[in-house]
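Asker: Dropping in start_39.txt, with compact mmCIF, C-alpha atoms and all ligand atoms.
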```
# COMPACT_ATOMS: atom_id res chain seq x y z
CA MET A 1 10.36 89.25 68.42
CA GLU A 2 10.30 86.50 70.93
CA SER A 3 8.05 83.65 71.70
CA TYR A 4 7.41 81.54 74.77
CA ALA A 5 9.37 84.18 76.62
CA SER A 6 9.12 84.01 80.36
CA SER A 7 11.41 86.98 80.83
CA SER A 8 12.45 89.44 78.25
CA SER A 9 14.24 92.54 77.11
CA SER A 10 17.61 93.92 77.97
CA ASP A 11 18.28 96.19 80.86
CA SER A 12 20.07 98.79 78.78
CA THR A 13 19.92 102.23 80.21
CA SER A 14 21.59 104.41 77.63
CA THR A 15 19.93 104.96 74.26
CA GLY A 16 23.15 103.96 72.49
CA GLU A 17 23.17 100.54 74.11
CA MET A 18 19.47 100.15 73.49
CA GLU A 19 19.94 100.79 69.77
CA VAL A 20 22.75 98.23 69.59
CA ASP A 21 20.57 95.69 71.41
CA LYS A 22 17.62 96.38 69.14
CA LEU A 23 19.81 95.81 66.12
CA ALA A 24 21.35 92.65 67.59
CA CYS A 25 17.91 91.23 68.42
CA ASN A 26 16.20 92.08 65.16
CA ALA A 27 18.90 91.68 62.54
CA HIS A 28 19.29 88.49 60.57
CA THR A 29 22.51 86.95 59.36
CA ILE A 30 22.26 86.57 55.60
CA CYS A 31 23.66 83.19 54.55
CA ASP A 32 24.27 81.63 51.17
CA SER A 33 22.76 78.27 50.19
CA GLU A 34 25.52 76.48 52.11
CA LEU A 35 24.71 78.51 55.23
CA ILE A 36 27.96 80.50 55.01
CA PRO A 37 27.31 83.95 56.59
CA LEU A 38 27.54 86.84 54.09
CA GLY A 39 26.43 89.80 56.19
CA THR A 40 23.65 91.21 58.32
CA GLY A 41 20.27 92.49 57.16
CA LEU A 42 17.23 94.10 58.74
CA TYR A 43 13.90 92.69 57.59
CA PRO A 44 11.04 94.42 59.47
CA VAL A 45 8.35 91.86 58.58
CA ILE A 46 10.53 88.87 59.37
CA SER A 47 11.58 90.46 62.67
CA ILE A 48 8.06 90.00 64.04
CA ILE A 49 8.21 86.21 63.60
CA ASN A 50 8.69 84.54 66.95
CA HIS A 51 11.14 81.88 67.98
CA SER A 52 10.79 78.20 68.82
CA CYS A 53 13.52 75.56 69.22
CA TYR A 54 11.02 73.28 67.47
CA PRO A 55 10.13 75.60 64.57
CA ASN A 56 7.56 74.94 61.86
CA SER A 57 9.37 77.21 59.37
CA VAL A 58 12.85 78.29 58.36
CA LEU A 59 14.35 81.53 57.11
CA VAL A 60 16.28 81.13 53.87
CA PHE A 61 18.02 83.63 51.64
CA GLU A 62 18.19 83.88 47.89
CA GLY A 63 20.78 86.60 47.50
CA ARG A 64 19.46 89.41 49.69
CA MET A 65 15.86 88.26 49.46
CA ALA A 66 14.63 86.64 52.66
CA THR A 67 12.01 83.90 52.37
CA ILE A 68 10.16 81.98 55.06
CA ARG A 69 9.53 78.35 54.14
CA ALA A 70 7.28 75.97 56.05
CA ILE A 71 9.04 72.74 57.08
CA GLN A 72 5.90 71.02 58.27
CA GLN A 73 2.13 71.29 57.84
CA ILE A 74 1.00 74.43 59.67
CA PRO A 75 -2.65 74.19 60.75
CA LYS A 76 -4.85 77.20 59.95
CA GLY A 77 -4.61 79.80 62.68
CA SER A 78 -1.32 78.43 64.10
CA GLU A 79 1.60 80.74 64.63
CA VAL A 80 4.49 80.67 62.15
CA LEU A 81 7.68 80.07 64.16
CA ILE A 82 11.35 80.04 63.17
CA SER A 83 14.45 79.32 65.22
CA TYR A 84 16.77 82.27 65.88
CA ILE A 85 19.60 79.92 66.80
CA GLU A 86 21.16 76.61 65.79
CA THR A 87 18.60 73.97 66.82
CA ALA A 88 21.14 71.11 67.00
CA GLY A 89 22.17 71.85 70.58
CA SER A 90 21.21 70.69 74.05
CA THR A 91 18.51 72.64 75.91
CA MET A 92 21.18 74.25 78.13
CA THR A 93 23.21 75.34 75.09
CA ARG A 94 20.15 76.72 73.26
CA GLN A 95 18.91 78.59 76.33
CA LYS A 96 22.36 80.10 76.88
CA ALA A 97 22.51 81.30 73.25
CA LEU A 98 19.00 82.80 73.39
CA LYS A 99 19.71 84.54 76.68
CA GLU A 100 23.01 85.99 75.48
CA GLN A 101 21.91 87.03 71.99
CA TYR A 102 18.18 87.71 72.35
CA PHE A 103 17.72 88.31 76.10
CA PHE A 104 14.90 85.90 76.79
CA THR A 105 14.29 82.49 78.32
CA CYS A 106 12.64 80.15 75.88
CA SER A 107 9.83 77.92 77.07
CA CYS A 108 9.00 76.16 73.81
CA PRO A 109 7.93 72.48 73.80
CA ARG A 110 11.59 71.37 73.69
CA CYS A 111 12.78 73.76 76.39
CA ILE A 112 10.09 72.89 78.94
CA LYS A 113 11.52 69.36 79.00
CA LEU A 114 14.73 70.62 80.63
CA GLY A 115 15.94 68.05 83.18
CA GLN A 116 13.47 65.35 82.11
CA ASP A 117 14.76 61.90 81.01
CA ASP A 118 14.30 62.68 77.28
CA ASP A 119 16.15 65.95 77.62
CA ILE A 120 19.05 64.41 79.59
CA LYS A 121 19.38 61.74 76.92
CA GLU A 122 19.33 64.33 74.12
CA SER A 123 22.05 66.43 75.82
CA ALA A 124 24.24 63.37 76.47
CA VAL A 125 23.97 62.28 72.84
CA LEU A 126 24.56 65.74 71.32
CA GLU A 127 27.29 66.95 73.64
CA GLY A 128 28.44 63.93 75.66
CA TYR A 129 30.97 61.11 75.41
CA ARG A 130 30.67 57.73 73.75
CA CYS A 131 30.68 54.29 75.35
CA LYS A 132 34.06 52.56 75.64
CA ASN A 133 32.52 49.52 73.98
CA HIS A 134 32.46 50.53 70.32
CA THR A 135 29.57 48.23 69.48
CA CYS A 136 27.39 49.98 72.10
CA ASP A 137 25.39 53.08 71.08
CA GLY A 138 24.60 54.04 74.68
CA PHE A 139 25.17 57.52 76.06
CA LEU A 140 27.30 58.38 79.10
CA LEU A 141 26.21 60.10 82.28
CA ARG A 142 28.50 61.63 84.92
CA ASP A 143 28.98 59.39 87.92
CA THR A 144 30.34 61.40 90.83
CA GLU A 145 31.23 58.34 92.95
CA ILE A 146 33.64 56.86 90.40
CA LYS A 147 35.18 60.09 89.03
CA GLY A 148 34.09 59.33 85.53
CA PHE A 149 31.17 58.51 83.27
CA ARG A 150 28.95 55.43 83.11
CA CYS A 151 27.18 54.11 80.02
CA HIS A 152 23.44 54.37 80.38
CA GLN A 153 22.98 51.24 78.26
CA CYS A 154 25.70 48.69 79.22
CA GLY A 155 26.98 50.17 82.48
CA LEU A 156 30.62 50.33 81.31
CA VAL A 157 32.67 53.05 83.01
CA ARG A 158 34.99 55.55 81.26
CA GLY A 159 37.54 57.19 83.52
CA MET A 160 38.05 60.92 83.59
CA GLU A 161 41.79 60.60 82.97
CA GLU A 162 41.39 58.76 79.66
CA ILE A 163 38.74 61.24 78.51
CA LEU A 164 40.90 64.25 79.39
CA LYS A 165 43.90 62.78 77.54
CA ILE A 166 41.98 62.35 74.26
CA ALA A 167 40.22 65.70 74.75
CA GLY A 168 43.64 67.41 75.06
CA GLU A 169 44.91 65.78 71.85
CA GLU A 170 41.69 66.72 70.08
CA LYS A 171 41.92 70.36 71.17
CA ASP A 172 45.56 70.66 70.01
CA MET A 173 44.86 69.05 66.65
CA SER A 174 41.71 71.18 66.10
CA GLU A 175 43.66 74.37 66.72
CA LYS A 176 46.44 73.32 64.33
CA ALA A 177 43.90 72.27 61.69
CA SER A 178 42.08 75.58 61.93
CA VAL A 179 45.34 77.54 61.55
CA ALA A 180 46.39 75.39 58.55
CA LEU A 181 43.00 75.93 56.90
CA SER A 182 42.94 79.69 57.38
CA SER A 183 46.56 79.89 56.10
CA GLY A 184 45.53 78.13 52.90
CA TYR A 185 47.47 74.88 53.50
CA ASN A 186 44.55 72.83 52.29
CA ASN A 187 46.15 69.40 52.02
CA GLU A 188 47.74 69.65 55.47
CA ALA A 189 44.48 70.97 56.89
CA LEU A 190 42.57 68.06 55.39
CA ASP A 191 44.94 65.53 57.02
CA MET A 192 44.63 67.31 60.34
CA TYR A 193 40.82 67.47 60.23
CA LEU A 194 40.77 63.74 59.45
CA LYS A 195 42.84 63.21 62.62
CA VAL A 196 40.44 65.45 64.56
CA GLU A 197 37.55 63.35 63.28
CA LYS A 198 39.28 60.13 64.45
CA LEU A 199 39.90 61.56 67.92
CA GLN A 200 36.33 62.83 68.16
CA MET A 201 35.01 59.41 67.13
CA LYS A 202 36.95 57.94 70.08
CA LEU A 203 35.67 60.61 72.42
CA TYR A 204 32.12 61.59 71.53
CA HIS A 205 28.83 59.87 70.80
CA SER A 206 28.26 59.13 67.10
CA SER A 207 25.53 61.82 66.97
CA SER A 208 27.71 64.45 68.63
CA ILE A 209 27.52 68.02 67.37
CA LYS A 210 31.30 68.48 67.55
CA LEU A 211 31.80 65.46 65.32
CA MET A 212 29.12 66.73 62.95
CA ARG A 213 30.83 70.17 62.72
CA THR A 214 34.17 68.52 61.89
CA ARG A 215 32.46 66.47 59.19
CA GLU A 216 30.82 69.61 57.80
CA THR A 217 34.25 71.23 57.58
CA LEU A 218 35.63 68.13 55.84
CA LEU A 219 32.65 68.20 53.49
CA ARG A 220 33.30 71.83 52.52
CA MET A 221 37.01 71.18 52.00
CA LEU A 222 36.39 68.10 49.86
CA MET A 223 33.88 70.03 47.74
CA GLU A 224 36.42 72.79 47.20
CA MET A 225 38.96 70.14 46.18
CA GLN A 226 36.28 68.68 43.88
CA ASP A 227 36.60 65.25 45.48
CA TRP A 228 32.88 64.65 45.02
CA LYS A 229 32.86 60.99 46.06
CA LYS A 230 34.39 61.63 49.50
CA ALA A 231 32.31 64.81 49.85
CA LEU A 232 29.14 62.77 49.35
CA THR A 233 30.26 60.32 52.05
CA TYR A 234 30.67 63.18 54.52
CA CYS A 235 27.41 64.77 53.45
CA ARG A 236 25.62 61.52 54.28
CA LEU A 237 27.33 61.32 57.68
CA THR A 238 26.04 64.75 58.75
CA ILE A 239 22.39 64.15 57.82
CA PRO A 240 21.32 61.78 60.68
CA VAL A 241 22.11 64.38 63.37
CA TYR A 242 19.78 66.91 61.69
CA GLU A 243 17.13 64.26 61.03
CA SER A 244 16.98 63.35 64.70
CA LYS A 245 15.93 66.93 65.57
ZN ZN B 1 13.15 76.51 73.19
ZN ZN B 2 27.68 51.02 76.57
```
Once you've parsed the file, please lay out its structure as C-alpha cells.
Ligand SMILES: [Zn+2]
Ligand SMILES: [Zn+2]

Answerer:
Amino acid sequence: MESYASSSSSDSTSTGEMEVDKLACNAHTICDSELIPLGTGLYPVISIINHSCYPNSVLVFEGRMATIRAIQQIPKGSEVLISYIETAGSTMTRQKALKEQYFFTCSCPRCIKLGQDDDIKESAVLEGYRCKNHTCDGFLLRDTEIKGFRCHQCGLVRGMEEILKIAGEEKDMSEKASVALSSGYNNEALDMYLKVEKLQMKLYHSSSIKLMRTRETLLRMLMEMQDWKKALTYCRLTIPVYESK
C-alpha cells in the first residue's frame, strides 16, 4: 500500500518484527466525526489504496464502517488516492512521517517540488515565523549572515534572541496548559491555551500549523463548555489553513 514510492519496505529480519511492521503499515486509525482517534482497525480492501500528499479521496469512519469519499472529480481510469498522514505539513515533515510510519519516500506531485520556490514558501508559512511588522503577511527565511530571519516580503529582520525568548515562553505555557487540561482543570486550561495562542500569534505566521492546532484545542474546549459563539469563531479561524492545501 504505497504510491509514488521510490524506495520501499522495511528491512525487518525476524518474522515477529515483520508482522508488527505489516500491521503498522496496513492498519487504519478509526476516528470519530471530530477526528478523535478511537482505535485501530484492519480493512483489507482499503489497505490497497495508495497514498498521495495531494489525495483525491479521504477515508472517513461511521462507527466502525470505513468509507472512501471522493474530494474532487476523479477522471475515469484514474487511481483513487488517499493520504496516510496529516496533509497540513511541510514536505520535509510529511516525508519524515511517511518514512517513519510507512517506510517509503513519497514522490507525489507535492513532494517532487521539494526545495523549489513554492515548496520553500509553503514550509515557511506552515512551520515558520511571522514578520515583525504585524501588517505584513510575508514569510521569514533563515539568514545565516545576520543570525536571524528576514522577511521575504518587506525585508525586515527578526533576531534569533527575540524568537528564542518567545519560543521558550510558548513551550512552558503549552506544557502547563496540557497538564491542566488532562487534569480536568478546564477553566485554567482555557486561560492558558488563550495565552499560548497569543504567544504563537507573536511568533508564527498566521497560517502556521502550531497556531491552528492550538485553535483546534480551544475549539474543542469551547464546544465542551457549550460556548457555541466563541467555538464558531475558532472554527472559522482553523478553516483557511485547510483550504490553502
Ligand atoms: Zn507526497
Ligand atoms: Zn514583512

Asker: Hey, can you pull every residue with an atom no more than 9 Å from (30.3, 55.6, 65.1), using all atoms listed in the file, and send it as a PyMOL selection string?

Answerer: chain A and resi 130+134-135+137+201-202+204-207

Asker: Of the residues A:Pro37, A:Gly89, A:Gly168, A:Pro109, which is the one nearest to ligand ZN 1 (chain B), using only C-alpha atoms and all ligand atoms?

Answerer: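 Checking each of A:Pro37, A:Gly89, A:Gly168, A:Pro109 against ligand ZN 1 (chain B), counting only C-alpha atoms and all ligand atoms, the winner is A:Pro109.
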
Asker: Distance limit 6 Å, reference ligand ZN 1 (chain B), atoms considered: only C-alpha atoms and all ligand atoms. Which residues make the cut? Give them as a PyMOL selection string.

Answerer: chain A and resi 52-53+106-108+110-111

Asker: Neighbours of ligand ZN 2 (chain B) within 12 Å, counting only C-alpha atoms and all ligand atoms, as a ChimeraX atom specification?

Answerer: /A:129-141,149-158,205

Asker: At most 7 Å from (5.2, 77.1, 60.6), file frame, only C-alpha atoms: which residues, as a ChimeraX atom specification?

Answerer: /A:55-57,70-72,74,79-81

Asker: Just write the chosen residues, C-alpha atoms, as a short mmCIF file (atom, residue, chain, number, x, y, z; two decimals), in the frame of the given file.

Answerer:
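File written: again.cif
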```cif
data_model
loop_
_atom_site.label_atom_id
_atom_site.label_comp_id
_atom_site.auth_asym_id
_atom_site.auth_seq_id
_atom_site.Cartn_x
_atom_site.Cartn_y
_atom_site.Cartn_z
CA PRO A 55 10.13 75.60 64.57
CA ASN A 56 7.56 74.94 61.86
CA SER A 57 9.37 77.21 59.37
CA ALA A 70 7.28 75.97 56.05
CA ILE A 71 9.04 72.74 57.08
CA GLN A 72 5.90 71.02 58.27
CA ILE A 74 1.00 74.43 59.67
CA GLU A 79 1.60 80.74 64.63
CA VAL A 80 4.49 80.67 62.15
CA LEU A 81 7.68 80.07 64.16
#
```

Asker: Using only C-alpha atoms, which of the listed residues (A:Pro44, A:Gly184, A:Gly39, A:Gly77) sits closest to A:Phe61?

Answerer: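 Looking only at the distances to A:Phe61, the closest residue turns out to be A:Gly39.
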
Asker: Determine the nearest neighbour of A:Glu170 from the options A:Lys76, A:Lys198, A:Arg64, A:Arg215, counting only C-alpha atoms.

Answerer: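 For A:Glu170, the nearest of the given residues is A:Lys198.
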
Asker: Give me, please, the distance in Å between atom CA of A:Ser47 and atom CA of A:Gly63, quoted to one decimal.

Answerer: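 Taking atom CA of A:Ser47 as the start and atom CA of A:Gly63 as the end point, the length is 18.2 Å.
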
Asker: Could you check how far atom CA of A:Ala66 sits from atom CA of A:Met92, in Å to one decimal?

Answerer: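 A separation of 29.1 Å between them.
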
Asker: Which residue gives the smallest distance to A:Tyr242 among A:Leu42, A:Val196, A:Leu164, A:Ile209, with all atoms listed in the file counted?

Answerer: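 Comparing A:Leu42, A:Val196, A:Leu164, A:Ile209 against A:Tyr242, the winner is A:Ile209.
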